[in-house]
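Single-structure report; data block below.
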Amino acid sequence: MAGPAKSSVEVVVVGGGIAGAFVSKSLQSHAQVVLIEPKDYLEIPYAELRSKVEPSFAERTLIKHTDYLPDVHIINSRATGVTEKEVLTEDGGSVPYDYLVIATGHLDSSTTIRDDRLEEFKQDKQKIESSQSILIIGGGPVGVELAGEIATDYPSKKVTLVHKGSRLLEFIGPKASKKALDWLISKKVDVLLNQTVDVTSMEASSGIYTLSSGEKITADCHFVCVGKPIGSGWLSDSVVKEALDPKGRLMVDKHLRVRGSQIIFAAGDITDIPEIKQGYLAQAHAMVIAKNIKLLINGSSESKLATYTAKSSAPALVSLGRNSGVAQISCFSFSGWLPAIIKSRDLFVGKVRKEMGLKA
Ligand SMILES: Cc1cc2nc3c(=O)[nH]c(=O)nc-3n(C[C@H](O)[C@H](O)[C@H](O)COP(=O)(O)OP(=O)(O)OC[C@H]3O[C@@H](n4cnc5c(N)ncnc54)[C@H](O)[C@@H]3O)c2cc1C
């Protein structure tokens, strides 16, 4: 039996990361949904570092938007501005909206075509295989997970991890970051804290890197793994500019509407919600927003709208290669096989794929 007729209401979603993907999927059979995203694929971000040592893994982690959004109009362009009625795009378009969802978490410089991204992973693997010594710059989740993958799959390679902060993984507590440090040291990774490296110098191009302390280290190749900027620069001259906080995050109300607007929502890492920035929380935001837009389309009153409460002690998991990991749950932290079973083996890829209605 056919379901209720699809509404003619136009919902524009900007950003096709975890948050935007889940909002679009949840609304595609209820409204006219347009997704604006430069890439033609969703990348499951938790799996990025495994794909550098096992490029075939990326076949499952890079999902074409068209595979799970058959009823969404996808515009492969970058949004450049928002007025009260429309979103402007880099390719010169303007896309009208009745409801808008902003989900541009972080600026992503990855290539926009899925096949090219697959090729990048193959090149990364070649780079790792052809190097005896590897320098990783940045001790956040990307740098630590990459060091974990290389130390596990290539135990004979010399890995050096340089981090400008006084401890690794500053987004989680000191006990969890110490566990990650101890594991890396046990795998003979050289971890240098409170240091920066200039990778643009002439010397660096010949494999000699000078640290901020003046010390020189040598490495056959390097990976820059520093955090990406928040993806809100395109909003600085837009109708929501007053809702940007000093860090460039969008302030939202309890219904996840952008402060000062009744029809513009925000989800995921771009929001100012006081909780750690995690994909499963971005997904939870997406569900609240999808529910609220459906309610609004059906004429529900304000009092019926769903609310979102910040998860101030949300769990976090960082993988350390295929067989280990570190977890922080509330005030407890632990490492070893249990986080590996939860995250490190499949990096939640099967889970996300199933939720997208695809074969795990
Ligand atoms: C190494 C690593 C491991 C992680 N592990 C976990 C984990 O185990 N579990 C977990 O829950 N979370 C994990 N996270 C965090 C998680 O990846 C993020 O919280 C999540 O990706 C946020 O999703 P998002 O959709 O808000 O933003 P993003 O993933 O940043 O997506 C934003 C999208 O917006 C697009 N965009 C940006 N600007 C524009 C524009 N102007 N116009 C159109 N599109 C634009 C980008 O191309 C991108 O596709 C991990 C993160 C890292 C880096």
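We name chains A, B, ... following the order of the structure tokens; residues begin at 1 in each chain, and ligands are numbered from 1 as shown.
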Close residues to ligand 1 using only C-alpha atoms and all ligand atoms, limit 7 Å, as a ChimeraX atom specification: /A:14-20,36-39,42,45-46,48-49,77-80,103-108,141-142,145,231,234,267-270,277-282,316-318,343,347
Residues of the last selection are to be written out with C-alpha atoms, as an mmCIF file, in the first residue's frame.
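And here is the file that came out, selection_19.cif:
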```cif
data_model
loop_
_atom_site.group_PDB
_atom_site.id
_atom_site.type_symbol
_atom_site.label_atom_id
_atom_site.label_comp_id
_atom_site.auth_asym_id
_atom_site.auth_seq_id
_atom_site.Cartn_x
_atom_site.Cartn_y
_atom_site.Cartn_z
ATOM 1 C CA VAL A 14 24.087 21.687 3.201
ATOM 2 C CA GLY A 15 26.942 19.255 3.894
ATOM 3 C CA GLY A 16 26.873 15.535 3.218
ATOM 4 C CA GLY A 17 28.939 14.240 6.130
ATOM 5 C CA ILE A 18 27.410 11.984 8.786
ATOM 6 C CA ALA A 19 24.896 14.617 9.984
ATOM 7 C CA GLY A 20 23.723 15.781 6.553
ATOM 8 C CA ILE A 36 24.394 20.450 -1.454
ATOM 9 C CA GLU A 37 27.820 18.830 -1.044
ATOM 10 C CA PRO A 38 30.917 19.115 -3.265
ATOM 11 C CA LYS A 39 31.820 15.419 -2.928
ATOM 12 C CA LEU A 42 29.834 10.069 1.915
ATOM 13 C CA PRO A 45 35.274 9.349 8.664
ATOM 14 C CA TYR A 46 36.134 6.829 11.387
ATOM 15 C CA GLU A 48 39.937 6.953 6.993
ATOM 16 C CA LEU A 49 43.172 5.799 8.561
ATOM 17 C CA SER A 77 28.878 22.135 -5.395
ATOM 18 C CA ARG A 78 29.969 24.138 -2.382
ATOM 19 C CA ALA A 79 27.503 26.460 -0.653
ATOM 20 C CA THR A 80 28.775 30.026 -0.533
ATOM 21 C CA ALA A 103 25.690 20.408 8.505
ATOM 22 C CA THR A 104 29.057 21.587 7.161
ATOM 23 C CA GLY A 105 31.038 20.280 10.178
ATOM 24 C CA HIS A 106 34.596 20.726 8.994
ATOM 25 C CA LEU A 107 36.175 22.027 5.833
ATOM 26 C CA ASP A 108 37.184 19.028 3.802
ATOM 27 C CA PRO A 141 42.584 11.341 16.693
ATOM 28 C CA VAL A 142 43.801 11.362 13.071
ATOM 29 C CA GLU A 145 44.923 6.424 14.681
ATOM 30 C CA GLY A 231 33.194 24.629 8.004
ATOM 31 C CA TRP A 234 30.837 30.506 4.106
ATOM 32 C CA ALA A 267 23.522 19.491 13.120
ATOM 33 C CA GLY A 268 26.834 17.842 13.895
ATOM 34 C CA ASP A 269 30.286 19.268 14.517
ATOM 35 C CA ILE A 270 29.317 22.758 13.379
ATOM 36 C CA LYS A 277 32.269 16.233 18.622
ATOM 37 C CA GLN A 278 31.375 12.691 17.591
ATOM 38 C CA GLY A 279 29.655 11.191 14.578
ATOM 39 C CA TYR A 280 27.105 9.206 16.574
ATOM 40 C CA LEU A 281 26.066 12.458 18.260
ATOM 41 C CA ALA A 282 25.859 14.182 14.864
ATOM 42 C CA ALA A 316 34.628 8.248 22.904
ATOM 43 C CA LEU A 317 36.686 5.503 21.259
ATOM 44 C CA VAL A 318 40.008 5.838 19.496
ATOM 45 C CA LYS A 343 35.472 -0.102 17.174
ATOM 46 C CA LEU A 347 35.450 0.973 12.547
#
```
Alpha helix (DSSP H) per DSSP on the backbone: members of range 153-186 of chain A, as a PyMOL selection string: chain A and resi 153+174-186
Could you save the residues just selected, with C-alpha atoms, as a tab-separated table (two decimals), in the first residue's frame?
```tsv
chain	number	residue	atom	x	y	z
A	153	ASP	CA	50.63	-3.40	9.99
A	174	PRO	CA	44.30	12.74	30.52
A	175	LYS	CA	43.96	9.09	31.66
A	176	ALA	CA	42.72	7.96	28.25
A	177	SER	CA	45.38	9.97	26.45
A	178	LYS	CA	48.09	8.43	28.68
A	179	LYS	CA	46.83	4.96	27.74
A	180	ALA	CA	47.15	5.83	24.05
A	181	LEU	CA	50.66	7.20	24.67
A	182	ASP	CA	51.73	4.06	26.56
A	183	TRP	CA	50.41	1.83	23.78
A	184	LEU	CA	52.26	3.80	21.09
A	185	ILE	CA	55.48	3.70	23.11
A	186	SER	CA	55.04	-0.08	23.55
```
Nearest to Tyr154 in chain A, chosen from A:Pro339, A:Gly357, A:Gly321, A:Gly227, with only C-alpha atoms counted in the distances: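 Selected residue with least distance to Tyr154 in chain A: A:Gly321.
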Residue nearest Ala327 in chain A - candidates A:Val11, A:Ala310, A:Ala340, A:Ala243, atoms counted: only C-alpha atoms: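 Smallest distance to Ala327 in chain A is found for A:Ala340.
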Would you list the contacts of Val33 in chain A as a PDB file with C-alpha atoms, in the first residue's frame, taking every protein, DNA or RNA residue within 9 Å and counting only C-alpha atoms, but skipping same-chain residues closer than 6 positions in sequence?
```pdb
ATOM      1  CA  VAL A   9       7.893  21.404   1.053  1.00  0.00           C
ATOM      2  CA  GLU A  10      11.510  22.050   0.060  1.00  0.00           C
ATOM      3  CA  VAL A  11      14.211  21.043   2.525  1.00  0.00           C
ATOM      4  CA  VAL A  12      17.785  21.966   1.681  1.00  0.00           C
ATOM      5  CA  VAL A  13      20.608  20.178   3.493  1.00  0.00           C
ATOM      6  CA  SER A  24      18.668  13.664   4.029  1.00  0.00           C
ATOM      7  CA  LEU A  27      13.496  13.120   5.067  1.00  0.00           C
ATOM      8  CA  ASP A  71      14.888  10.445  -3.799  1.00  0.00           C
ATOM      9  CA  VAL A  72      17.184  13.372  -3.099  1.00  0.00           C
ATOM     10  CA  HIS A  73      18.299  15.992  -5.600  1.00  0.00           C
ATOM     11  CA  ILE A  74      22.064  16.139  -5.108  1.00  0.00           C
TER      12      ILE A  74
END
```
Minimum-distance residue to Gln132 in chain A, chosen among A:Leu146, A:Ile297, A:Ala219, A:Ile329 (using only C-alpha atoms):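 Nearest candidate to Gln132 in chain A out of A:Leu146, A:Ile297, A:Ala219, A:Ile329: A:Ala219.
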Backbone DSSP call of strand (DSSP E) for range 325-354 of chain A, listed as a list in words: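 After running DSSP on the backbone, range 325-354 of chain A has strand (DSSP E) at Gly325, Val326, Ala327, Gln328, Ile329, Phe332, Ser333, Phe334 and Ser335 of chain A.
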Pick from A:Glu43, A:Ala5, A:His222, A:Arg50, whichever lies nearest to Asp346 in chain A using only C-alpha atoms: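 Going through A:Glu43, A:Ala5, A:His222, A:Arg50 one by one, the smallest distance to Asp346 in chain A is for A:Arg50.
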CA of Lys6 in chain A to CA of Glu84 in chain A, straight-line distance in Å: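 A separation of 24.2 Å between them.
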For Leu320 in chain A, the nearest of the candidates A:Gly81, A:Gly143, A:Gly138, A:Gly299, counting only C-alpha atoms: A:Gly143
Best match for closeness to Ile264 in chain A among A:Asp116, A:Asp98, A:Asp67, A:Glu149, counting only C-alpha atoms: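 For Ile264 in chain A, the nearest of the candidates is A:Asp98.
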